[in-house]
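Source file structure_29.txt; content: compact mmCIF, C-alpha atoms (C1' of nucleotides).
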```
# COMPACT_ATOMS: atom_id res chain seq x y z
CA MET S 640 127.84 106.12 91.11
CA LYS S 641 125.07 107.32 88.79
CA LEU S 642 122.39 104.72 88.06
CA PRO S 643 122.60 103.41 84.47
CA ARG S 644 119.74 103.34 81.98
CA ALA S 645 119.28 99.60 82.54
CA PHE S 646 118.31 100.28 86.17
CA TYR S 647 115.15 102.06 85.02
CA ASP S 648 114.38 99.65 82.19
CA ARG S 649 112.87 96.97 84.44
CA PRO S 650 109.47 96.12 85.92
CA THR S 651 108.24 99.21 87.74
CA LEU S 652 107.72 97.54 91.13
CA ASP S 653 111.34 96.36 91.07
CA VAL S 654 112.55 99.85 90.20
CA ALA S 655 110.37 101.31 92.97
CA ARG S 656 111.79 98.92 95.55
CA ASP S 657 115.37 99.53 94.46
CA LEU S 658 115.00 103.31 94.39
CA VAL S 659 114.49 103.32 98.16
CA GLY S 660 117.89 104.17 99.66
CA LYS S 661 119.28 105.74 96.46
CA VAL S 662 120.17 109.44 96.41
CA LEU S 663 118.32 111.94 94.22
CA VAL S 664 120.58 114.85 93.19
CA HIS S 665 119.63 118.18 91.61
CA ARG S 666 122.15 120.78 90.46
CA ARG S 667 120.69 124.15 89.59
CA ARG S 668 122.36 127.53 89.28
CA GLY S 669 125.44 126.26 91.09
CA LEU S 670 123.40 124.93 94.00
CA THR S 671 123.34 121.24 94.74
CA THR S 672 120.64 119.58 96.79
CA SER S 673 120.26 115.87 97.37
CA GLY S 674 118.40 113.39 99.53
CA ALA S 675 118.07 109.67 100.13
CA ILE S 676 114.80 108.34 98.74
CA VAL S 677 112.65 106.94 101.57
CA GLU S 678 109.19 106.74 100.00
CA VAL S 679 107.90 106.05 96.48
CA GLU S 680 104.74 104.99 94.69
CA ALA S 681 104.37 103.06 91.43
CA TYR S 682 101.88 104.07 88.73
CA ILE S 683 101.68 101.38 86.11
CA GLY S 684 99.97 101.28 82.76
CA GLU S 685 96.70 102.45 81.22
CA SER S 686 94.79 99.89 83.29
CA ASP S 687 95.84 101.66 86.52
CA PRO S 688 93.11 104.28 87.04
CA ALA S 689 95.42 106.46 89.14
CA CYS S 690 98.16 106.50 86.51
CA HIS S 691 98.26 109.56 84.28
CA ALA S 692 98.35 107.18 81.32
CA ALA S 693 94.84 105.93 82.16
CA PRO S 694 93.18 108.11 79.48
CA GLY S 695 95.68 106.95 76.87
CA PRO S 696 98.38 109.12 75.31
CA THR S 697 97.88 112.87 75.77
CA ARG S 698 100.11 115.92 75.55
CA ARG S 699 100.81 115.97 79.29
CA ASN S 700 101.58 112.29 79.85
CA ALA S 701 103.84 111.95 76.80
CA PRO S 702 106.97 111.31 78.94
CA LEU S 703 105.33 108.16 80.30
CA TYR S 704 105.37 106.73 76.79
CA GLY S 705 109.00 107.66 76.22
CA PRO S 706 112.19 105.83 77.16
CA PRO S 707 112.99 104.95 80.80
CA GLY S 708 115.36 106.98 82.96
CA PHE S 709 113.73 110.34 82.30
CA ALA S 710 111.83 112.64 84.66
CA TYR S 711 108.10 113.25 84.40
CA VAL S 712 107.17 116.44 86.26
CA TYR S 713 103.72 117.97 86.36
CA LEU S 714 101.78 120.60 88.29
CA ASN S 715 99.32 119.21 90.76
CA TYR S 716 96.40 121.08 92.38
CA GLY S 717 97.75 124.21 90.71
CA ILE S 718 100.21 124.49 93.56
CA HIS S 719 102.78 121.73 93.71
CA TYR S 720 105.10 120.09 91.24
CA LEU S 721 105.42 116.31 91.54
CA VAL S 722 108.42 114.42 90.18
CA ASN S 723 108.24 110.91 88.74
CA ILE S 724 110.85 108.56 87.34
CA VAL S 725 109.83 106.96 84.05
CA THR S 726 110.43 103.21 84.00
CA GLU S 727 109.65 100.40 81.57
CA ALA S 728 108.16 102.85 79.13
CA GLU S 729 108.90 100.83 76.03
CA ARG S 730 106.60 98.05 77.28
CA GLN S 731 103.91 100.14 78.95
CA PRO S 732 103.56 103.70 80.28
CA ALA S 733 104.69 103.65 83.91
CA ALA S 734 106.58 105.70 86.46
CA VAL S 735 107.62 105.93 90.10
CA LEU S 736 106.51 108.97 92.12
CA ILE S 737 109.11 110.30 94.56
CA ARG S 738 107.18 111.00 97.77
CA ALA S 739 109.86 111.67 100.40
CA LEU S 740 113.60 112.10 100.89
CA GLU S 741 115.96 112.26 103.81
CA PRO S 742 117.93 115.42 103.02
CA VAL S 743 121.68 114.91 102.49
CA ASP S 744 123.29 117.88 100.66
CA GLY S 745 122.16 121.52 100.55
CA ILE S 746 119.98 121.37 103.61
CA GLU S 747 120.11 125.14 104.17
CA VAL S 748 119.20 125.71 100.51
CA MET S 749 116.20 123.42 101.03
CA ARG S 750 115.14 125.32 104.14
CA ARG S 751 115.36 128.59 102.21
CA ARG S 752 113.29 127.27 99.30
CA ARG S 753 110.65 125.85 101.62
CA ARG S 754 110.34 129.15 103.46
CA ARG S 755 110.18 131.13 100.24
CA ALA S 756 107.40 128.86 98.97
CA MET S 757 105.35 129.77 102.04
CA LYS S 758 105.37 133.50 101.32
CA GLY S 759 102.34 135.34 102.53
CA ARG S 760 101.49 132.90 105.25
CA ARG S 761 103.28 132.60 108.54
CA PRO S 762 105.49 129.54 108.25
CA LEU S 763 104.55 126.70 110.54
CA ASN S 764 103.08 129.03 113.15
CA GLY S 765 106.53 130.42 113.74
CA ARG S 766 108.06 127.03 114.43
CA SER S 767 111.19 126.09 112.52
CA LEU S 768 111.48 123.53 109.78
CA ASN S 769 112.98 120.23 110.94
CA THR S 770 115.42 118.59 108.55
CA HIS S 771 113.32 115.44 108.28
CA ASP S 772 110.29 117.53 107.28
CA LEU S 773 112.02 119.39 104.43
CA CYS S 774 111.30 116.68 101.83
CA ARG S 775 108.41 114.92 103.57
CA GLY S 776 105.64 114.62 100.99
CA PRO S 777 105.86 114.81 97.17
CA GLY S 778 105.11 118.54 96.97
CA ASN S 779 107.73 119.31 99.56
CA VAL S 780 110.30 117.22 97.69
CA THR S 781 110.09 119.40 94.59
CA MET S 782 109.88 122.63 96.60
CA ALA S 783 113.02 121.84 98.56
CA MET S 784 114.91 120.44 95.57
CA GLY S 785 113.97 123.33 93.28
CA ILE S 786 112.33 121.00 90.77
CA THR S 787 109.81 122.59 88.39
CA LEU S 788 108.41 122.02 84.90
CA ALA S 789 111.87 122.96 83.63
CA GLN S 790 112.99 119.51 84.78
CA ASN S 791 110.21 117.70 82.95
CA GLU S 792 111.71 115.17 80.54
CA ALA S 793 115.16 115.66 82.07
CA ASP S 794 117.50 112.78 81.25
CA LEU S 795 118.52 111.15 84.52
CA LEU S 796 121.81 110.19 82.94
CA GLY S 797 122.63 113.88 82.57
CA ASP S 798 124.36 116.14 85.09
CA GLU S 799 121.43 118.27 86.26
CA LEU S 800 118.98 115.78 87.75
CA PHE S 801 120.09 112.23 88.45
CA ILE S 802 120.07 109.40 90.98
CA GLU S 803 123.14 107.93 92.65
CA ASP S 804 123.94 104.72 94.45
CA ARG S 805 126.17 105.83 97.31
CA GLY S 806 126.66 102.32 98.56
CA SER S 807 124.76 102.69 101.83
CA GLU S 808 122.79 99.72 103.09
CA PRO S 809 119.06 100.38 102.78
CA GLY S 810 117.03 99.73 105.93
CA ALA S 811 113.90 97.58 106.08
CA ILE S 812 111.46 98.35 103.27
CA ALA S 813 107.69 98.04 103.75
CA TRP S 814 104.81 98.16 101.26
CA SER S 815 101.35 99.70 101.63
CA LYS S 816 98.48 100.94 99.54
CA ARG S 817 99.10 104.22 97.77
CA ILE S 818 97.91 107.30 99.63
CA GLY S 819 96.35 110.58 98.59
CA ILE S 820 94.51 109.17 95.59
CA ARG S 821 90.81 108.49 95.04
CA VAL S 822 90.93 105.69 92.52
CA GLY S 823 93.06 102.59 92.29
CA ILE S 824 93.48 102.57 96.06
CA ASP S 825 93.52 98.77 96.20
CA ARG S 826 97.00 98.33 94.74
CA VAL S 827 99.82 97.84 97.24
CA TRP S 828 102.30 99.91 95.27
CA ARG S 829 103.78 102.26 97.88
CA ALA S 830 107.24 101.37 99.15
CA TYR S 831 108.92 103.15 102.01
CA MET S 832 111.77 102.86 104.48
CA ARG S 833 110.10 101.49 107.59
CA ASP S 834 112.13 103.36 110.17
CA SER S 835 112.61 106.73 108.49
CA THR S 836 111.05 109.78 110.15
CA ALA S 837 110.99 111.53 106.76
CA VAL S 838 108.27 109.24 105.40
CA SER S 839 104.93 110.98 104.79
CA GLY S 840 101.46 109.74 105.67
CA ASN S 841 99.73 109.17 108.95
CA GLU S 842 99.87 106.22 111.33
CA LYS S 843 97.06 104.44 109.52
CA ALA S 844 98.79 104.66 106.19
CA LEU S 845 101.92 103.24 107.76
CA THR S 846 100.29 100.35 109.58
CA ARG S 847 98.02 99.44 106.70
CA ASN S 848 100.94 97.44 105.35
CA ALA S 849 100.60 94.34 103.34
CA PRO S 850 103.04 92.04 101.64
CA ARG S 851 104.07 93.04 98.16
CA ARG S 852 101.77 92.40 95.24
C1' DC T 45 94.11 113.53 118.61
C1' DG T 46 90.53 114.34 114.28
C1' DT T 47 88.41 116.72 110.07
C1' DT T 48 87.71 120.67 106.97
C1' DC T 49 89.08 124.04 103.92
C1' DG T 50 91.47 127.62 100.97
C1' DA T 51 95.08 128.51 97.74
C1' DT T 52 95.86 127.82 92.93
C1' DG T 53 96.82 126.13 87.48
C1' DC T 54 95.96 123.41 83.90
C1' DA T 55 94.85 119.01 81.36
C1' DC T 56 91.13 116.87 79.91
C1' DT T 57 86.02 115.94 78.45
C1' DG L 70 83.25 123.23 83.73
C1' DT L 71 85.37 119.46 86.58
C1' DG L 72 88.72 117.34 89.23
C1' DC L 73 93.02 116.52 90.82
C1' DA L 74 99.29 111.47 92.83
C1' DT L 75 99.07 118.57 98.01
C1' DC L 76 100.10 121.41 102.08
C1' DG L 77 99.38 123.34 106.33
C1' DA L 78 96.32 126.41 109.09
C1' DA L 79 92.33 126.44 111.64
C1' DC L 80 89.20 124.69 113.74
C1' DG L 81 86.35 120.71 116.65
C1' DT L 82 86.63 116.88 120.18
```

Write out the structure in this file as structure tokens.
Amino acid sequence: MKLPRAFYDRPTLDVARDLVGKVLVHRRRGLTTSGAIVEVEAYIGESDPACHAAPGPTRRNAPLYGPPGFAYVYLNYGIHYLVNIVTEAERQPAAVLIRALEPVDGIEVMRRRRRRAMKGRRPLNGRSLNTHDLCRGPGNVTMAMGITLAQNEADLLGDELFIEDRGSEPGAIAWSKRIGIRVGIDRVWRAYMRDSTAVSGNEKALTRNAPRR
DNA sequence: CGTTCGATGCACT
DNA sequence: GTGCATCGAACGT
């Protein structure tokens, strides 16, 4: 069942927590890929220095100021697209970054896209791509799912990019500080499935847990 | 194990 | 011109 608009129109930390275990689906050119969300990070408001809304409204961050339940995709480091889910945008600009998935549908399509994205360099020293590595890390998520700027501002209630509740019981969820950022590192706004091997980050990032808030 | 570094594009000041 | 919500190879220990 596709998540309704009301799911996204809630406090961002609640949305982040509840997104873990849901299934992100992308249909593109007749190919369907999907994966269970196992790791997310919240970016909340202009007072969060790591949030793209920190400088106030700009051309790029406009989706953060729009209605909830839409995608915010941007190019990061000139190399990777990162996909966010806009939340309580009517109250304040905020979103949830999708950092890792456990692949479900279209696993061979994901493998192909990951390999194609590594053109020029020898992939993984010749080793093969494990399923739980296909969508491990926010750049890998978009690579494997085929998500680009074309999906920016996509309505998650549409049929191209959306999130489903498939009724599976989510495992234990843990919280930690956000990783890979240089400012706003104090906030404990990263939620992840504790026992999933598809979660990104090193041992330190995983053990640096703290209770929510 | 650990750290460093190159690839690469664009929003923002 | 600066700096980034990255990835993975290539090194050093």

Practice problem: One decimal, Å: what's the distance from CA of Val822 in chain S over to C1' of DA74 in chain L, could you say? | Solution: 10.2 Å

Quiz item: Could you write out as a list of chain:residue names the residues of chain T within 10 Å of chain S, counting only C-alpha atoms (C1' of nucleotides)?
Solution: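 Every residue of chain T that passes the 10 Å test is in T:DA51, T:DT52, T:DG53, T:DC54, T:DA55, T:DC56.
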
Keeping C-alpha atoms (C1' of nucleotides) for every residue in the selection just given, could you write it to a file as a compact mmCIF listing (two decimals), in the coordinates of the input?
```txt
# COMPACT_ATOMS: atom_id res chain seq x y z
C1' DA T 51 95.08 128.51 97.74
C1' DT T 52 95.86 127.82 92.93
C1' DG T 53 96.82 126.13 87.48
C1' DC T 54 95.96 123.41 83.90
C1' DA T 55 94.85 119.01 81.36
C1' DC T 56 91.13 116.87 79.91
```

Self-check item: Distance of CA of Ala701 in chain S from CA of Arg752 in chain S, expressed in Å to one decimal place
Solution: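 We find that CA of Arg752 in chain S and CA of Ala701 in chain S lie 28.8 Å from each other.
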
At a cut-off of 8 Å, can you tabulate as a tab-separated table every residue of chain L near chain S together with its closest atom pair and the distance in Å to one decimal, using only C-alpha atoms (C1' of nucleotides) and ordering rows by chain then number?
```
residue	atom	partner	partner_atom	distance
L:DC73	C1'	S:Tyr716	CA	5.9
L:DA74	C1'	S:Ile820	CA	6.0
L:DT75	C1'	S:Gly778	CA	6.1
L:DC76	C1'	S:Gly778	CA	7.7
L:DG77	C1'	S:Leu763	CA	7.5
```

Quiz item: S:Arg833, S:His771, S:Arg805, S:Arg666: which is nearest Arg750 in chain S, counting only C-alpha atoms?
Solution: S:His771

Quiz item: Between CA of Ala728 in chain S and CA of Arg649 in chain S, what is the spacing in Å?
Solution: 9.2 Å

Quiz prompt | Residues near Asp648 in chain S, cut-off 6 Å, all atoms listed in the file, skip fewer than 5 positions along chain, as a ChimeraX atom specification | solution = /S:707,726-727
